[in-house]
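Written below as structure tokens is the structure these notes are about.
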Amino acid sequence: MRVLRAIVAARCTEGIPALVVGGTLIWMAAAGVRSAASDDAPFYANTFGKLPSVAAMTDIGRALFFDASMSASAKVACATCHDPRHAFGPSNDSPVQRGGSDGRRFGLRAVPSLMYAQNIPPFTEHYFDDEGDDSVDQGPAGGRTWDGRAQSAHDQARLPLFSPFEMANASAAAVVTRVQRAGYAAQFRDTFGDTVFDDKALAFKAVLMALETFQQSPTEFYPYGSKYDAWLRHETSLSSDELRGLAAFNDPAKGNCARCHPSAMRKGVFPQFTDFGYAAIGAPRNLGLPANSDPSYYDLGLCGPLRTDLADKKEYCGLFRTPSLRNVATRRVFFHNGVLHRLEDVVRFYAERDSRPQKWYSRGANGATLKFDDLPMRYQGNVEPLAPLDRHAGDSPALSEADIKDIVAFLNTLTDGYEPRQAR
Ligand code: HEC
Ligand code: HEC
């Protein structure tokens, strides 16, 4: 028997509370039927000719998500970059994917997984964790993308639809015209009302809402179906290497990973493997990233250049949002700049960043290691200093090779699609 897997999340989007219960969007602010989306109605207020059902919006959202004709090049769908066979992350080991009007322009960052993303709270600079000591300001947290600049899945969807590196649409009207020509146009009208296409702004809102609703579908986006979840539900056992890996992952004297990637059940809620907070891990510069061929280009995360509202907060330079580690073993690119390609190397980087920096960073003209080579010197003080990232050159690494292998074995238990009967 499956125990309750759904998460109950109360959201406050654009000031309007919308309640999501087990993937079902319940409008708190549903207003009467109005015809124009261009007025100031809150996003979740129903302004369609018909009250769309969650099931119908999920189906439309899925069709949109897989539809390459939604892009200017007619080559790039959301699913091209967010492949469902790879936890809605990238299917290849390229650090960035191509898009744009000709389908050939390179992006700037690694594609994140979209699974479990609906649990990310809206961005705030002052996060108070309601589970722990709620009087402690934990600093910036939440928001979509690596720098949290999008507040919700529908805000987020605007970015790829218009980004010159991604789907490169010139306008909302251009998106709507493409949808109108798609095979599912009739289904779209059935869902949102016969006249939905008469008002381009209204139809575009329907596109965003359908994409957002699809991304809340529990079976596809938050199944809680990994071996580790089965173990938490007492349906299976973990092998001895997986158990040792879990212990090293949690142990403050070893990995100390759970400090930022929490692994324990809290109040009956399955762990998300992220605290939604921001940290500067000091990932090495990726010379394979086309944007980095310009030596003066730095992706500084929270303080820019993609995010623009916090450019003055120098203490935020180099900080990126902690990703969930659920399904991380399905990836072949790691960190915001896709610099690492093997999970084992990511864990080894944490173990050796400070004890063996020469293994991870480039060298200057005089042969000296340029530690934190993806951050200008003036921001290097922002880099995370606590365990396991607290060693000095020449110290023994924070984790042994055996610990690293065990942690990787444990991280492999976080992949969805596990059947308890296959238990080893
Ligand atoms: C060309 C590749 C590409 C395409 C196409 C694309 N994305 Fe993305 N997506 C990305 C990248 C790269 C990021 C991270 C962006 C950043 O951090 O600035 C991202 C981030 C996201 C996020 C935020 C996830 C998180 O963890 O915060 C969501 C949600 C998302 N995309 C949904 C979509 C949807 C919906 C579509 C289609 C309308 C889409 N994406 C199309 C590459 C792509
Ligand atoms: C101080 C908080 C913090 C600690 C401690 C921490 N992480 Fe992370 N982790 C992050 C952040 C932030 C990122 C994203 C960094 C970036 O992209 O620049 C990240 C990224 C990762 C990634 C890459 C995920 C992806 O989708 O690219 C893996 C794997 C990972 N961490 C595993 C671990 C393990 C294993 C440990 C313990 C050895 C650990 N982390 C300790 C904050 C932390």
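Following the order of the structure tokens, chains are lettered A, B, ..., residues in each are numbered from 1, and ligands are numbered from 1.
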
Which protein, DNA or RNA residues have an atom within 7 Å of ligand 2, counting only C-alpha atoms and all ligand atoms, as a compact mmCIF listing (two decimals) with C-alpha atoms, in the first residue's frame?
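Saved as pocket-v2.txt:
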```txt
# COMPACT_ATOMS: atom_id res chain seq x y z
CA PRO A 112 17.89 21.86 -13.96
CA PHE A 249 26.02 12.18 3.89
CA GLY A 255 29.94 14.96 4.20
CA ASN A 256 27.75 17.33 6.21
CA CYS A 257 25.65 17.30 3.04
CA ALA A 258 22.29 17.18 4.84
CA ARG A 259 22.95 20.66 6.23
CA CYS A 260 21.97 22.06 2.84
CA HIS A 261 20.41 18.96 1.23
CA TYR A 278 21.74 29.85 -1.56
CA ALA A 279 25.45 29.14 -1.27
CA ALA A 280 28.67 29.83 -3.15
CA ILE A 281 30.22 26.37 -3.51
CA GLY A 282 33.09 27.67 -5.64
CA ALA A 283 32.48 25.44 -8.67
CA LEU A 319 25.60 32.28 -4.69
CA PHE A 320 23.31 29.79 -6.47
CA ARG A 321 20.21 28.02 -5.21
CA THR A 322 20.85 24.60 -3.67
CA PRO A 323 19.32 22.07 -6.08
CA SER A 324 17.36 19.04 -4.91
CA LEU A 325 19.39 15.86 -5.16
CA VAL A 328 20.55 13.50 -9.42
CA VAL A 333 26.05 17.64 -16.01
CA PHE A 334 26.43 19.06 -12.53
CA PHE A 335 26.51 22.54 -10.99
CA HIS A 336 25.05 25.69 -12.56
CA ASN A 337 27.81 25.81 -15.17
CA GLY A 338 27.76 22.08 -15.94
CA LEU A 343 28.41 12.23 -9.76
CA VAL A 346 30.97 16.11 -7.58
CA VAL A 347 31.29 14.29 -4.25
CA TYR A 350 33.38 18.56 -1.97
CA ALA A 351 35.94 16.28 -0.32
CA GLU A 384 31.14 28.62 1.68
CA ALA A 387 32.45 21.55 6.66
CA PRO A 388 33.14 19.71 4.44
CA ILE A 407 27.72 8.48 -0.86
```

Could the residues of chain A that have an atom at most 8 Å from ligand 1 be listed as a tab-separated table, each with its closest atom pair and the distance in Å to one decimal, counting only C-alpha atoms and all ligand atoms and ordered by chain and ascending residue number?
```
residue	atom	partner	partner_atom_place_in_ligand_line	distance
A:Leu64	CA	ligand 1	38 (C)	7.6
A:Phe65	CA	ligand 1	37 (C)	5.7
A:Val76	CA	ligand 1	5 (C)	5.5
A:Ala77	CA	ligand 1	5 (C)	5.2
A:Cys78	CA	ligand 1	37 (C)	3.5
A:Ala79	CA	ligand 1	5 (C)	6.9
A:Thr80	CA	ligand 1	5 (C)	5.9
A:Cys81	CA	ligand 1	2 (C)	4.4
A:His82	CA	ligand 1	7 (N)	6.4
A:Val96	CA	ligand 1	12 (C)	6.6
A:Gln97	CA	ligand 1	1 (C)	5.2
A:Arg98	CA	ligand 1	1 (C)	5.2
A:Gly99	CA	ligand 1	1 (C)	4.5
A:Gly100	CA	ligand 1	1 (C)	7.5
A:Phe106	CA	ligand 1	1 (C)	7.7
A:Gly107	CA	ligand 1	12 (C)	6.1
A:Leu108	CA	ligand 1	12 (C)	6.5
A:Arg109	CA	ligand 1	12 (C)	4.7
A:Ala110	CA	ligand 1	12 (C)	5.0
A:Val111	CA	ligand 1	12 (C)	4.0
A:Pro112	CA	ligand 1	26 (O)	5.4
A:Ser113	CA	ligand 1	26 (O)	6.2
A:Leu114	CA	ligand 1	24 (C)	5.3
A:Ala117	CA	ligand 1	26 (O)	5.5
A:Ile120	CA	ligand 1	27 (O)	7.8
A:Gly143	CA	ligand 1	27 (O)	6.5
A:Arg144	CA	ligand 1	27 (O)	3.3
A:Thr145	CA	ligand 1	27 (O)	3.4
A:Trp146	CA	ligand 1	17 (O)	3.8
A:Asp147	CA	ligand 1	17 (O)	5.9
A:Gly148	CA	ligand 1	27 (O)	6.7
A:Arg149	CA	ligand 1	18 (O)	7.9
A:Ala150	CA	ligand 1	27 (O)	7.8
A:Ser152	CA	ligand 1	29 (C)	7.7
A:Ala153	CA	ligand 1	29 (C)	5.1
A:His154	CA	ligand 1	35 (C)	7.7
A:Gln156	CA	ligand 1	29 (C)	5.5
A:Ala157	CA	ligand 1	35 (C)	4.5
A:Arg158	CA	ligand 1	38 (C)	7.0
A:Leu159	CA	ligand 1	40 (N)	7.7
A:Pro160	CA	ligand 1	41 (C)	4.8
A:Leu161	CA	ligand 1	38 (C)	5.3
A:Phe165	CA	ligand 1	1 (C)	6.3
A:Glu166	CA	ligand 1	1 (C)	4.0
A:Met167	CA	ligand 1	5 (C)	5.7
A:Leu211	CA	ligand 1	35 (C)	5.8
A:Glu212	CA	ligand 1	35 (C)	7.2
A:Gln215	CA	ligand 1	35 (C)	7.7
A:Leu306	CA	ligand 1	18 (O)	6.7
A:Pro323	CA	ligand 1	26 (O)	6.9
A:His336	CA	ligand 1	17 (O)	7.2
```

Can you spit out the residues from that selection as a tab-separated table (two decimals), in the first residue's frame, using C-alpha atoms?
```tsv
chain	number	residue	atom	x	y	z
A	64	LEU	CA	2.42	22.25	-25.03
A	65	PHE	CA	5.45	20.97	-23.14
A	76	VAL	CA	12.89	23.23	-29.56
A	77	ALA	CA	10.21	22.08	-27.12
A	78	CYS	CA	10.39	22.42	-23.34
A	79	ALA	CA	11.03	18.65	-23.39
A	80	THR	CA	14.06	19.06	-25.67
A	81	CYS	CA	15.96	20.49	-22.72
A	82	HIS	CA	13.83	19.03	-19.91
A	96	VAL	CA	24.38	23.97	-21.91
A	97	GLN	CA	21.72	23.25	-24.52
A	98	ARG	CA	21.06	24.97	-27.83
A	99	GLY	CA	18.00	26.99	-28.77
A	100	GLY	CA	17.20	30.36	-30.32
A	106	PHE	CA	24.02	28.16	-26.74
A	107	GLY	CA	22.45	28.77	-23.35
A	108	LEU	CA	24.33	30.07	-20.32
A	109	ARG	CA	23.55	27.50	-17.62
A	110	ALA	CA	23.00	23.80	-17.10
A	111	VAL	CA	19.37	22.70	-17.37
A	112	PRO	CA	17.89	21.86	-13.96
A	113	SER	CA	15.52	18.96	-13.32
A	114	LEU	CA	11.90	20.10	-13.04
A	117	ALA	CA	10.33	22.04	-8.31
A	120	ILE	CA	10.26	25.55	-4.03
A	143	GLY	CA	12.46	31.21	-6.42
A	144	ARG	CA	12.84	29.43	-9.76
A	145	THR	CA	16.04	29.10	-11.81
A	146	TRP	CA	19.55	28.91	-10.38
A	147	ASP	CA	19.26	32.52	-9.19
A	148	GLY	CA	15.61	32.52	-8.12
A	149	ARG	CA	14.57	35.30	-10.47
A	150	ALA	CA	11.24	33.69	-11.46
A	152	SER	CA	6.30	30.71	-10.06
A	153	ALA	CA	6.13	28.07	-12.76
A	154	HIS	CA	4.04	30.41	-14.92
A	156	GLN	CA	9.25	30.83	-15.25
A	157	ALA	CA	7.62	29.60	-18.48
A	158	ARG	CA	7.77	33.14	-19.89
A	159	LEU	CA	11.59	33.01	-19.74
A	160	PRO	CA	12.20	30.12	-22.19
A	161	LEU	CA	9.30	31.11	-24.42
A	165	PHE	CA	18.74	31.32	-26.43
A	166	GLU	CA	15.72	29.10	-25.98
A	167	MET	CA	12.36	29.25	-27.74
A	211	LEU	CA	2.17	24.55	-18.43
A	212	GLU	CA	2.15	25.31	-14.70
A	215	GLN	CA	4.24	20.64	-13.90
A	306	LEU	CA	20.99	37.24	-15.55
A	323	PRO	CA	19.32	22.07	-6.08
A	336	HIS	CA	25.05	25.69	-12.56
```

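Proximity ranking of A:Ser296, A:Gln272, A:Thr47, A:Thr308 relative to A:Thr195 places A:Thr47 first, based on only C-alpha atoms.
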
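Among the candidate residues A:Leu386, A:Leu289, A:Ala206, A:Ala182, the one lying nearest to A:Tyr44 is A:Ala206, with distances computed using only C-alpha atoms.
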
Long-range neighbours of stretch 374-383 of chain A as a VMD selection string, 10 Å cut-off, only C-alpha atoms, 2 positions minimum in chain: chain A and resid 279 to 287 292 295 to 300 314 to 319 337 361 to 362 370 to 372 385 to 386 389

May I have the selected residues written with C-alpha atoms, as a PDB file, in the first residue's frame?
```
ATOM      1  CA  ALA A 279      25.448  29.138  -1.274  1.00  0.00           C
ATOM      2  CA  ALA A 280      28.674  29.829  -3.152  1.00  0.00           C
ATOM      3  CA  ILE A 281      30.216  26.371  -3.509  1.00  0.00           C
ATOM      4  CA  GLY A 282      33.090  27.668  -5.642  1.00  0.00           C
ATOM      5  CA  ALA A 283      32.478  25.438  -8.670  1.00  0.00           C
ATOM      6  CA  PRO A 284      35.471  25.550 -11.037  1.00  0.00           C
ATOM      7  CA  ARG A 285      35.202  27.701 -14.151  1.00  0.00           C
ATOM      8  CA  ASN A 286      33.941  25.687 -17.121  1.00  0.00           C
ATOM      9  CA  LEU A 287      35.967  26.492 -20.215  1.00  0.00           C
ATOM     10  CA  ASN A 292      33.233  31.703 -20.832  1.00  0.00           C
ATOM     11  CA  PRO A 295      37.516  36.019 -19.835  1.00  0.00           C
ATOM     12  CA  SER A 296      35.627  38.987 -18.379  1.00  0.00           C
ATOM     13  CA  TYR A 297      32.299  37.096 -18.296  1.00  0.00           C
ATOM     14  CA  TYR A 298      31.345  35.714 -14.885  1.00  0.00           C
ATOM     15  CA  ASP A 299      28.025  34.155 -13.936  1.00  0.00           C
ATOM     16  CA  LEU A 300      27.619  35.478 -10.392  1.00  0.00           C
ATOM     17  CA  LYS A 314      27.982  42.151  -3.331  1.00  0.00           C
ATOM     18  CA  GLU A 315      27.617  39.593  -0.534  1.00  0.00           C
ATOM     19  CA  TYR A 316      25.366  37.623  -2.911  1.00  0.00           C
ATOM     20  CA  CYS A 317      27.902  37.314  -5.729  1.00  0.00           C
ATOM     21  CA  GLY A 318      28.651  33.672  -6.524  1.00  0.00           C
ATOM     22  CA  LEU A 319      25.597  32.275  -4.695  1.00  0.00           C
ATOM     23  CA  ASN A 337      27.809  25.813 -15.167  1.00  0.00           C
ATOM     24  CA  TYR A 361      41.187  24.710 -10.531  1.00  0.00           C
ATOM     25  CA  SER A 362      43.241  26.197 -13.353  1.00  0.00           C
ATOM     26  CA  LEU A 370      43.818  29.919  -9.103  1.00  0.00           C
ATOM     27  CA  LYS A 371      41.447  28.697  -6.405  1.00  0.00           C
ATOM     28  CA  PHE A 372      37.831  29.749  -7.074  1.00  0.00           C
ATOM     29  CA  PRO A 385      33.656  28.009   4.520  1.00  0.00           C
ATOM     30  CA  LEU A 386      31.910  25.334   6.644  1.00  0.00           C
ATOM     31  CA  LEU A 389      34.516  22.842   2.737  1.00  0.00           C
TER      32      LEU A 389
END
```

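Distances to A:Asp354 were evaluated for A:Thr219, A:Ser396, A:Ser135, A:Thr330 using only C-alpha atoms, and the minimum falls at A:Ser396.
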
One-decimal distance in Å that lies between atom CA of A:Asp345 and atom CA of A:Glu242: 17.7 Å

Given only C-alpha atoms as the counted atoms, nearest of A:Ser355, A:Gln138, A:Ser91, A:Gln187 to A:Asp395: A:Ser355

Those in stretch 55-215 of chain A with strand (DSSP E) from DSSP, as a PyMOL selection string: chain A and resi 98-99+105-106

Take the residues that were just selected and, keeping all heavy atoms, output them as a CSV table (one decimal), in the first residue's frame.
```csv
chain,number,residue,atom,x,y,z
A,98,ARG,N,21.2,24.0,-26.8
A,98,ARG,CA,21.1,25.0,-27.8
A,98,ARG,C,19.6,25.3,-28.0
A,98,ARG,O,18.7,24.5,-27.9
A,98,ARG,CB,21.6,24.4,-29.1
A,98,ARG,CG,23.1,24.3,-29.2
A,98,ARG,CD,23.4,23.6,-30.5
A,98,ARG,NE,24.8,23.3,-30.7
A,98,ARG,CZ,25.5,23.8,-31.7
A,98,ARG,NH1,25.0,24.6,-32.6
A,98,ARG,NH2,26.8,23.5,-31.7
A,99,GLY,N,19.4,26.6,-28.5
A,99,GLY,CA,18.0,27.0,-28.8
A,99,GLY,C,18.1,28.2,-29.7
A,99,GLY,O,19.0,28.3,-30.5
A,105,ARG,N,21.8,28.5,-30.9
A,105,ARG,CA,22.4,29.4,-30.0
A,105,ARG,C,22.6,28.7,-28.6
A,105,ARG,O,21.7,28.0,-28.2
A,105,ARG,CB,21.7,30.7,-29.7
A,105,ARG,CG,21.9,31.6,-30.9
A,105,ARG,CD,21.2,33.0,-30.6
A,105,ARG,NE,21.9,33.7,-29.6
A,105,ARG,CZ,21.6,34.9,-29.3
A,105,ARG,NH1,20.7,35.6,-29.9
A,105,ARG,NH2,22.3,35.5,-28.3
A,106,PHE,N,23.8,28.9,-28.0
A,106,PHE,CA,24.0,28.2,-26.7
A,106,PHE,C,23.4,28.9,-25.6
A,106,PHE,O,23.5,30.2,-25.5
A,106,PHE,CB,25.5,28.0,-26.5
A,106,PHE,CG,26.2,27.0,-27.4
A,106,PHE,CD1,26.9,27.4,-28.5
A,106,PHE,CD2,26.0,25.7,-27.2
A,106,PHE,CE1,27.5,26.5,-29.3
A,106,PHE,CE2,26.6,24.7,-28.0
A,106,PHE,CZ,27.4,25.2,-29.1
```
